[in-house]
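Structure first, then comments.
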Amino acid sequence: MAELTTKILTEIRDEQREFRAETRANFAQVEERLTSIERHMAAMLATAPVVNERIDRLEARVAALEGRSS
């Protein structure tokens, strides 16, 4: 009986080690993806002021053109 218990406990321990290793690998992948997303978002946010300036200039041009045609 003690041998069977030892065998079962050893199997459970080994399975837990495998699960832990898989979980670490999965978390590493998730962390890589999040880091990539953060970089992309930072790049997009950095361009927002430039885009807003361009939109403002275009709106001013359109307003000027509309003023000419009135």
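In the structure tokens, chains take the letters A, B, ... in the order shown, each chain's residues start at 1, and ligands count up from 1 in the order shown.
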Could you make a table, as a tab-separated table, of the residues of region 8-54 of chain A that have an atom within 10 Å of an atom of region 58-62 of chain A, each with its nearest atom pair and distance in Å to one decimal, counting only C-alpha atoms, in chain and number order?
residue	atom	partner	partner_atom	distance
A:Asn52	CA	A:Leu58	CA	9.8
A:Glu53	CA	A:Leu58	CA	8.6
A:Arg54	CA	A:Leu58	CA	6.1
message: What's the separation between CA of Ser36 (chain A) and CA of Ile55 (chain A), in Å to one decimal place?
response: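 About the pair CA of Ser36 (chain A) and CA of Ile55 (chain A): they are 28.1 Å apart.
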